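Below is run-v9.txt, holding compact mmCIF, C-alpha atoms and all ligand atoms.
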```txt
# COMPACT_ATOMS: atom_id res chain seq x y z
CA MET A 1 67.53 72.32 96.71
CA GLY A 2 69.72 75.17 95.58
CA ARG A 3 73.31 74.78 94.48
CA VAL A 4 76.35 76.40 96.08
CA ALA A 5 77.27 79.46 94.00
CA ILE A 6 80.21 81.84 94.21
CA VAL A 7 79.94 85.31 92.70
CA THR A 8 83.27 87.14 92.66
CA GLY A 9 83.03 90.85 93.28
CA GLY A 10 79.55 89.89 94.38
CA SER A 11 78.80 92.57 96.96
CA ARG A 12 78.69 95.64 94.71
CA GLY A 13 77.49 96.76 91.29
CA ILE A 14 76.59 94.10 88.74
CA GLY A 15 77.94 91.41 91.10
CA ALA A 16 75.51 92.40 93.87
CA ALA A 17 72.58 92.13 91.46
CA ILE A 18 73.81 88.69 90.36
CA SER A 19 74.21 87.49 93.96
CA LYS A 20 70.66 88.59 94.75
CA ALA A 21 69.21 86.99 91.61
CA LEU A 22 70.91 83.66 92.34
CA LYS A 23 69.69 83.75 95.93
CA GLU A 24 66.19 84.43 94.66
CA ALA A 25 66.55 81.42 92.34
CA GLY A 26 67.12 79.32 95.47
CA HIS A 27 70.90 78.95 95.41
CA GLN A 28 73.24 79.21 98.40
CA VAL A 29 75.32 82.19 97.40
CA VAL A 30 78.69 83.41 98.64
CA ALA A 31 79.71 86.82 97.35
CA THR A 32 83.45 87.28 97.40
CA TYR A 33 84.99 90.72 97.55
CA GLY A 34 88.46 92.19 97.18
CA GLY A 35 88.88 94.74 99.93
CA ASN A 36 85.87 96.82 100.91
CA ASP A 37 84.93 95.20 104.27
CA GLU A 38 82.36 97.83 105.11
CA ALA A 39 80.46 97.46 101.82
CA ALA A 40 80.53 93.68 102.27
CA ARG A 41 79.17 93.85 105.82
CA LYS A 42 76.43 96.20 104.71
CA PHE A 43 75.55 93.90 101.82
CA THR A 44 75.27 90.88 104.13
CA ASP A 45 73.14 92.85 106.60
CA GLU A 46 70.78 93.95 103.86
CA THR A 47 70.51 90.72 101.90
CA GLY A 48 71.48 87.86 104.21
CA ILE A 49 74.01 86.77 101.56
CA GLU A 50 77.33 85.58 102.95
CA THR A 51 80.46 87.41 101.92
CA ALA A 52 84.07 86.24 101.93
CA LYS A 53 87.19 88.27 101.31
CA CYS A 54 89.25 86.85 98.46
CA ASP A 55 91.65 88.62 96.13
CA VAL A 56 90.98 86.87 92.81
CA SER A 57 94.38 87.92 91.46
CA ASP A 58 96.07 85.73 94.10
CA TYR A 59 95.99 82.01 93.18
CA GLU A 60 96.60 80.76 96.70
CA ALA A 61 93.93 83.05 98.17
CA CYS A 62 91.43 81.61 95.66
CA GLN A 63 92.46 78.05 96.49
CA LYS A 64 92.03 78.66 100.20
CA GLY A 65 88.86 80.74 99.80
CA ILE A 66 87.16 78.05 97.73
CA ALA A 67 88.31 75.25 100.07
CA ASP A 68 86.86 77.16 103.05
CA ILE A 69 83.52 77.66 101.27
CA GLU A 70 83.35 74.00 100.23
CA GLU A 71 84.12 72.81 103.73
CA LYS A 72 81.31 74.91 105.13
CA MET A 73 78.67 74.66 102.40
CA GLY A 74 79.55 71.76 100.12
CA PRO A 75 80.84 71.58 96.55
CA VAL A 76 80.73 74.71 94.44
CA GLU A 77 78.54 73.99 91.41
CA ILE A 78 78.13 77.53 90.11
CA LEU A 79 80.92 80.05 89.62
CA VAL A 80 80.27 83.55 88.34
CA ASN A 81 83.51 85.37 87.51
CA ASN A 82 82.37 88.94 87.88
CA ALA A 83 85.21 90.72 89.73
CA GLY A 84 86.74 93.34 87.51
CA ILE A 85 88.64 96.62 87.68
CA THR A 86 89.52 99.45 85.33
CA LYS A 87 92.67 101.54 85.17
CA ASP A 88 91.95 103.59 82.08
CA ALA A 89 94.62 105.60 80.30
CA PRO A 90 95.52 106.25 76.70
CA PHE A 91 98.16 103.70 75.72
CA HIS A 92 100.98 106.24 75.52
CA LYS A 93 100.37 107.02 79.22
CA MET A 94 99.55 103.49 80.41
CA THR A 95 102.05 102.12 82.94
CA PRO A 96 103.10 98.48 83.37
CA ASP A 97 101.41 98.62 86.80
CA GLN A 98 98.10 99.63 85.21
CA TRP A 99 98.45 96.85 82.65
CA ASN A 100 99.38 94.17 85.22
CA ALA A 101 96.70 95.10 87.73
CA VAL A 102 93.89 94.90 85.19
CA ILE A 103 95.13 91.68 83.55
CA GLY A 104 95.76 90.23 87.03
CA THR A 105 92.21 90.74 88.22
CA ASN A 106 90.12 90.52 85.06
CA LEU A 107 91.89 87.66 83.27
CA THR A 108 94.26 85.85 85.64
CA GLY A 109 91.56 86.16 88.32
CA VAL A 110 89.20 84.20 86.08
CA PHE A 111 91.86 81.51 85.68
CA ASN A 112 92.54 81.43 89.43
CA MET A 113 88.91 80.92 90.40
CA SER A 114 87.93 78.58 87.56
CA HIS A 115 91.01 76.40 88.03
CA ASN A 116 90.15 75.82 91.67
CA VAL A 117 86.57 74.63 91.00
CA TRP A 118 87.26 72.80 87.73
CA LYS A 119 88.59 69.51 89.12
CA GLY A 120 85.60 69.07 91.42
CA MET A 121 83.12 69.94 88.69
CA ARG A 122 84.73 67.38 86.37
CA GLU A 123 84.67 64.69 89.03
CA ARG A 124 81.02 65.32 89.88
CA GLY A 125 79.97 65.72 86.23
CA TYR A 126 78.20 69.02 86.75
CA GLY A 127 79.13 72.69 86.71
CA ARG A 128 78.12 76.13 85.55
CA ILE A 129 80.70 78.85 84.96
CA VAL A 130 79.73 82.29 83.70
CA THR A 131 82.28 85.04 83.18
CA ILE A 132 81.37 88.69 82.90
CA SER A 133 83.34 90.05 79.96
CA SER A 134 82.46 93.40 78.35
CA ILE A 135 81.38 95.15 75.19
CA ASN A 136 84.86 96.64 75.26
CA GLY A 137 86.45 93.20 75.02
CA GLN A 138 84.50 92.79 71.79
CA LYS A 139 85.04 96.18 70.17
CA GLY A 140 88.01 97.78 71.98
CA GLN A 141 87.75 101.19 73.63
CA PHE A 142 89.88 104.33 73.67
CA GLY A 143 91.83 104.38 76.95
CA GLN A 144 91.30 100.69 77.73
CA ALA A 145 94.08 98.64 76.09
CA ASN A 146 94.50 96.72 79.37
CA TYR A 147 90.78 96.23 80.07
CA ALA A 148 89.82 95.37 76.49
CA ALA A 149 92.66 92.84 76.27
CA SER A 150 91.61 91.22 79.55
CA LYS A 151 87.94 91.02 78.56
CA ALA A 152 88.75 89.68 75.07
CA GLY A 153 90.97 87.11 76.79
CA ASP A 154 88.01 86.06 78.94
CA LEU A 155 86.08 85.19 75.78
CA GLY A 156 88.81 82.92 74.39
CA PHE A 157 89.18 81.33 77.81
CA THR A 158 85.41 80.72 77.99
CA LYS A 159 85.25 79.01 74.59
CA THR A 160 88.19 76.77 75.41
CA LEU A 161 86.78 75.69 78.77
CA ALA A 162 83.41 75.11 77.10
CA ALA A 163 85.08 72.68 74.70
CA GLU A 164 86.86 70.91 77.55
CA GLY A 165 83.85 70.84 79.88
CA ALA A 166 81.12 69.80 77.44
CA GLY A 167 81.69 66.09 77.88
CA LYS A 168 81.79 66.47 81.67
CA GLY A 169 78.46 68.20 82.24
CA ILE A 170 80.03 71.62 82.69
CA THR A 171 78.77 74.63 80.73
CA VAL A 172 80.96 77.70 80.40
CA ASN A 173 79.55 80.93 79.02
CA ALA A 174 80.20 84.65 78.95
CA VAL A 175 78.05 87.74 79.24
CA CYS A 176 79.22 90.99 77.66
CA PRO A 177 77.51 93.92 79.33
CA GLY A 178 77.53 97.27 77.66
CA TYR A 179 77.57 100.41 79.79
CA ILE A 180 75.66 99.68 83.01
CA ALA A 181 74.74 102.18 85.73
CA THR A 182 77.39 101.23 88.29
CA ASP A 183 80.17 103.03 90.17
CA MET A 184 82.62 101.87 87.50
CA VAL A 185 80.81 103.66 84.71
CA MET A 186 80.02 106.67 86.93
CA ALA A 187 83.79 107.06 87.43
CA VAL A 188 84.18 107.90 83.72
CA PRO A 189 84.43 111.69 83.31
CA GLU A 190 80.91 113.09 82.86
CA LYS A 191 81.55 114.56 79.42
CA VAL A 192 82.93 111.26 78.13
CA ARG A 193 80.05 109.35 79.72
CA GLU A 194 77.46 111.57 78.09
CA GLN A 195 79.11 111.01 74.75
CA ILE A 196 79.04 107.24 75.34
CA ILE A 197 75.35 107.27 76.31
CA SER A 198 74.57 109.13 73.08
CA GLN A 199 75.95 106.08 71.24
CA ILE A 200 73.59 103.62 72.95
CA PRO A 201 70.57 103.13 70.64
CA VAL A 202 68.13 102.38 73.49
CA GLY A 203 69.10 105.79 74.90
CA ARG A 204 70.09 104.83 78.42
CA LEU A 205 72.59 102.94 80.56
CA GLY A 206 71.73 99.35 81.40
CA GLU A 207 70.61 98.25 84.86
CA PRO A 208 72.65 95.69 86.86
CA GLU A 209 69.52 93.51 87.12
CA GLU A 210 69.42 93.23 83.32
CA ILE A 211 72.79 91.49 83.44
CA ALA A 212 71.83 89.43 86.48
CA ARG A 213 68.86 87.95 84.66
CA CYS A 214 71.14 86.74 81.84
CA VAL A 215 73.43 85.07 84.37
CA SER A 216 70.55 83.56 86.28
CA PHE A 217 69.34 81.85 83.11
CA LEU A 218 72.79 80.62 82.05
CA VAL A 219 73.43 78.94 85.43
CA SER A 220 69.99 77.31 85.53
CA ASP A 221 69.43 73.66 84.66
CA ASP A 222 67.31 74.93 81.72
CA ALA A 223 70.44 76.23 79.99
CA GLY A 224 72.20 72.86 79.79
CA PHE A 225 72.52 72.96 75.98
CA ILE A 226 74.13 76.41 75.97
CA THR A 227 77.90 76.41 76.28
CA GLY A 228 80.70 78.48 74.78
CA ALA A 229 78.17 81.26 74.15
CA THR A 230 78.54 84.99 74.57
CA ILE A 231 75.39 86.90 75.44
CA THR A 232 75.69 90.56 74.59
CA ALA A 233 73.50 92.93 76.59
CA ASN A 234 74.43 96.42 75.50
CA GLY A 235 71.31 98.29 74.37
CA GLY A 236 72.25 97.87 70.72
CA GLN A 237 75.56 99.72 71.04
CA TYR A 238 77.55 96.99 69.31
CA PHE A 239 76.47 93.89 67.40
CA ALA A 240 79.13 91.27 68.03
N1 LIG A 301 88.16 108.59 70.64
C1 LIG A 301 89.11 109.39 70.12
N2 LIG A 301 89.78 110.31 70.86
C2 LIG A 301 89.47 110.40 72.15
C3 LIG A 301 88.50 109.61 72.75
C4 LIG A 301 87.83 108.66 71.93
N3 LIG A 301 86.88 107.87 72.43
N4 LIG A 301 88.43 109.91 74.05
C5 LIG A 301 89.34 110.88 74.25
N5 LIG A 301 89.95 111.19 73.10
C6 LIG A 301 90.99 112.17 72.88
C7 LIG A 301 90.59 113.56 73.40
O1 LIG A 301 89.84 114.24 72.43
C8 LIG A 301 91.95 114.18 73.65
O2 LIG A 301 92.50 114.57 72.42
P1 LIG A 301 93.61 115.74 72.32
O3 LIG A 301 94.82 115.26 73.08
O4 LIG A 301 93.85 115.89 70.86
O5 LIG A 301 92.96 116.93 72.95
C9 LIG A 301 92.70 113.00 74.16
O6 LIG A 301 92.12 111.83 73.65
C10 LIG A 301 92.58 112.90 75.67
O7 LIG A 301 93.79 112.87 76.08
P2 LIG A 301 94.08 113.09 77.60
O8 LIG A 301 95.55 113.20 77.74
O9 LIG A 301 93.21 114.15 78.16
O10 LIG A 301 93.60 111.70 78.18
P3 LIG A 301 93.48 111.34 79.68
O11 LIG A 301 94.81 110.97 80.20
O12 LIG A 301 92.70 112.38 80.41
O13 LIG A 301 92.62 110.02 79.57
C11 LIG A 301 90.63 108.76 79.35
C12 LIG A 301 91.40 110.02 78.97
C13 LIG A 301 90.88 108.37 80.81
C14 LIG A 301 91.00 107.57 78.50
C15 LIG A 301 89.19 109.18 79.15
O14 LIG A 301 88.99 109.48 77.80
C16 LIG A 301 88.20 108.12 79.54
O15 LIG A 301 87.93 107.89 80.71
N6 LIG A 301 87.60 107.48 78.55
C17 LIG A 301 86.56 106.49 78.79
C18 LIG A 301 87.11 105.14 78.78
C19 LIG A 301 85.97 104.21 79.00
O16 LIG A 301 85.05 104.11 78.20
N7 LIG A 301 86.01 103.48 80.09
C20 LIG A 301 84.94 102.59 80.39
C21 LIG A 301 84.83 102.43 81.87
S1 LIG A 301 83.41 101.50 82.31
C22 LIG A 301 83.79 99.95 81.89
O17 LIG A 301 84.87 99.63 81.48
C23 LIG A 301 82.68 98.96 82.03
C24 LIG A 301 82.43 98.25 80.77
O18 LIG A 301 82.74 97.08 80.65
C25 LIG A 301 81.74 98.94 79.66
```

Structure encoded using structure tokens:
Amino acid sequence: MGRVAIVTGGSRGIGAAISKALKEAGHQVVATYGGNDEAARKFTDETGIETAKCDVSDYEACQKGIADIEEKMGPVEILVNNAGITKDAPFHKMTPDQWNAVIGTNLTGVFNMSHNVWKGMRERGYGRIVTISSINGQKGQFGQANYAASKAGDLGFTKTLAAEGAGKGITVNAVCPGYIATDMVMAVPEKVREQIISQIPVGRLGEPEEIARCVSFLVSDDAGFITGATITANGGQYFA
């Protein structure tokens, strides 16, 4: 019998690939999304995976969203914190709004979701949390002071929760994708993107499914001895 799994930002990009992989592994998946109702409806039509609107940057929305899912489907045993945004700008041009929005979604959002499943996971003595960080949280990136800080924060958060969850049957891990062929990366100006691709030793962008397979393994029962880990999947662009 599959477990109940939430994938935040699970209807598009890397998140959609993760949702599909977890469904294929037999789990009951809910893909949450921030605002794009039409993309979510289309995703459900195509995949049969349920979607639920939930702004991860809003603590109360997460609390309510998770309570609704648990009432309908049972306890959440797998949480994949995938929802993330960019608001790139060189630091001298970065506004407080750009800083707060990115930290609010990419870091506080991970707190908001994890905090609302943590108590139940501890009580039941089982849980799997995987957070999608980034190569740029490991190495920094021109134009991404906000994003790199949020993704580096996700790694410290992951290691701390791993320490606290280990005795309670909860594993907490992170995956750091490099540049993956998604809308987010396609939004980078073409010239900059080409320059980035030239720095990837395997000579191409990654595929969302390549990240989804990492997540699928980490949330499986087979990965019970792996916690506090960071899997880097970046085509050799950076060795963390
Ligand atoms: N290193 C050094 N200098 C750089 C640079 C770099 N990587 N990139 C740009 N510059 C320089 C330019 O040469 C230019 O220099 P001059 O002023 O001397 O001409 C200057 O910075 C550009 O200044 P602009 O005022 O034109 O900058 P801008 O306001 O147009 O912003 C930017 C530029 C938005 C930051 C743009 O460079 C950019 O989009 N960079 C890519 C950022 C990136 O990698 N984002 C990743 C998105 S995908 C993602 O985040 C997923 C993931 O996890 C990997």

Exercise for review: Compile the contact shell of Ala17 in chain A as a list in words: residues with an atom at most 12 Å away, counting all atoms listed in the file, same-chain residues fewer than 5 positions apart removed.
Suggested key: Val7, Thr8, Gly9, Gly10, Ser11, Arg12, Leu22, Lys23, Glu24, Val29, Ala31, Phe43, Thr47, Ile49, Val80, Asn82, Ile180, Ala181, Thr182, Glu207, Pro208, Glu209, Glu210, Ile211, Ala212, Arg213, Cys214, Val215 and Ser216 of chain A

Practice item. Counting all atoms listed in the file, name the residues that have an atom within 6 Å of an atom of ligand LIG 301 (chain A); the answer should be given as a list in words. Key: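 Result of the 6 Å neighbour search around ligand LIG 301 (chain A): Asp88, Ala89, Pro90, Ser134, Ile135, Asn136, Phe142, Gly143, Gly178, Tyr179, Met184, Val185, Val188 and Pro189 of chain A.
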
Exercise for review: Tell me which protein, DNA and RNA residues are within 10 Å of Ser114 in chain A, counting only C-alpha atoms, leaving out same-chain ones fewer than 2 positions away, and put them as a list of chain:residue names.
Suggested key: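 Everything that qualifies: A:Cys62, A:Leu79, A:Val80, A:Asn81, A:Thr108, A:Gly109, A:Val110, A:Phe111, A:Asn112, A:Asn116, A:Val117, A:Trp118, A:Lys119, A:Met121, A:Ile129, A:Val130, A:Thr131, A:Leu161.
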
Practice item. Work out how far apart CA of Leu205 in chain A and CA of Ala83 in chain A are and give it in Å to one decimal. Key: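 For CA of Leu205 in chain A relative to CA of Ala83 in chain A, the distance reads 19.8 Å.
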
Check your understanding: Between A:Pro201, A:Ile6, A:Ala21, A:Lys42, which has the minimum distance to Phe217 in chain A (counting all atoms listed in the file)?
Key -> A:Ala21

Hey, can I get the axis-aligned box for range 137-143 of chain A? All listed atoms, 8 Å padding on each side, centre and edge lengths in Å to one decimal, as lines of an AutoDock Vina configuration file.
```
center_x = 88.2
center_y = 98.6
center_z = 73.6
size_x = 23.3
size_y = 27.6
size_z = 22.8
```

Exercise for review: Do a neighbour search on Asp221 in chain A at 12 Å with all atoms listed in the file, toss out local chain neighbours closer than 6 positions, and write the hits as a list in words.
Suggested key: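 Using all atoms listed in the file, the neighbours found are Gly2, Arg3, Ala25, Glu77, Ile78, Tyr126, Gly127, Arg128, Gly169, Ile170 and Thr171 of chain A.
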
Write out the residues from the selection above, keeping C-alpha atoms, as a short mmCIF file (atom, residue, chain, number, x, y, z; two decimals), in the coordinates of the input.
```
data_model
loop_
_atom_site.label_atom_id
_atom_site.label_comp_id
_atom_site.auth_asym_id
_atom_site.auth_seq_id
_atom_site.Cartn_x
_atom_site.Cartn_y
_atom_site.Cartn_z
CA GLY A 2 69.72 75.17 95.58
CA ARG A 3 73.31 74.78 94.48
CA ALA A 25 66.55 81.42 92.34
CA GLU A 77 78.54 73.99 91.41
CA ILE A 78 78.13 77.53 90.11
CA TYR A 126 78.20 69.02 86.75
CA GLY A 127 79.13 72.69 86.71
CA ARG A 128 78.12 76.13 85.55
CA GLY A 169 78.46 68.20 82.24
CA ILE A 170 80.03 71.62 82.69
CA THR A 171 78.77 74.63 80.73
#
```

Review point. Which residues, written as a count of residues only, have at least one atom at most 9 Å from range 95-102 of chain A, with only C-alpha atoms counted and residues fewer than 4 positions away on the same chain left out?
Key: 14

Point to revise | Residues within 8 Å of Ile69 in chain A, all atoms listed in the file, excluding chain neighbours under 5 positions, as an MDAnalysis selection string | key: chainID A and resid 30 74 76

Point to revise | Proximity to Ala240 in chain A - best of A:Gly65, A:Gly125, A:Gly15, A:Gly140, only C-alpha atoms | key: A:Gly140
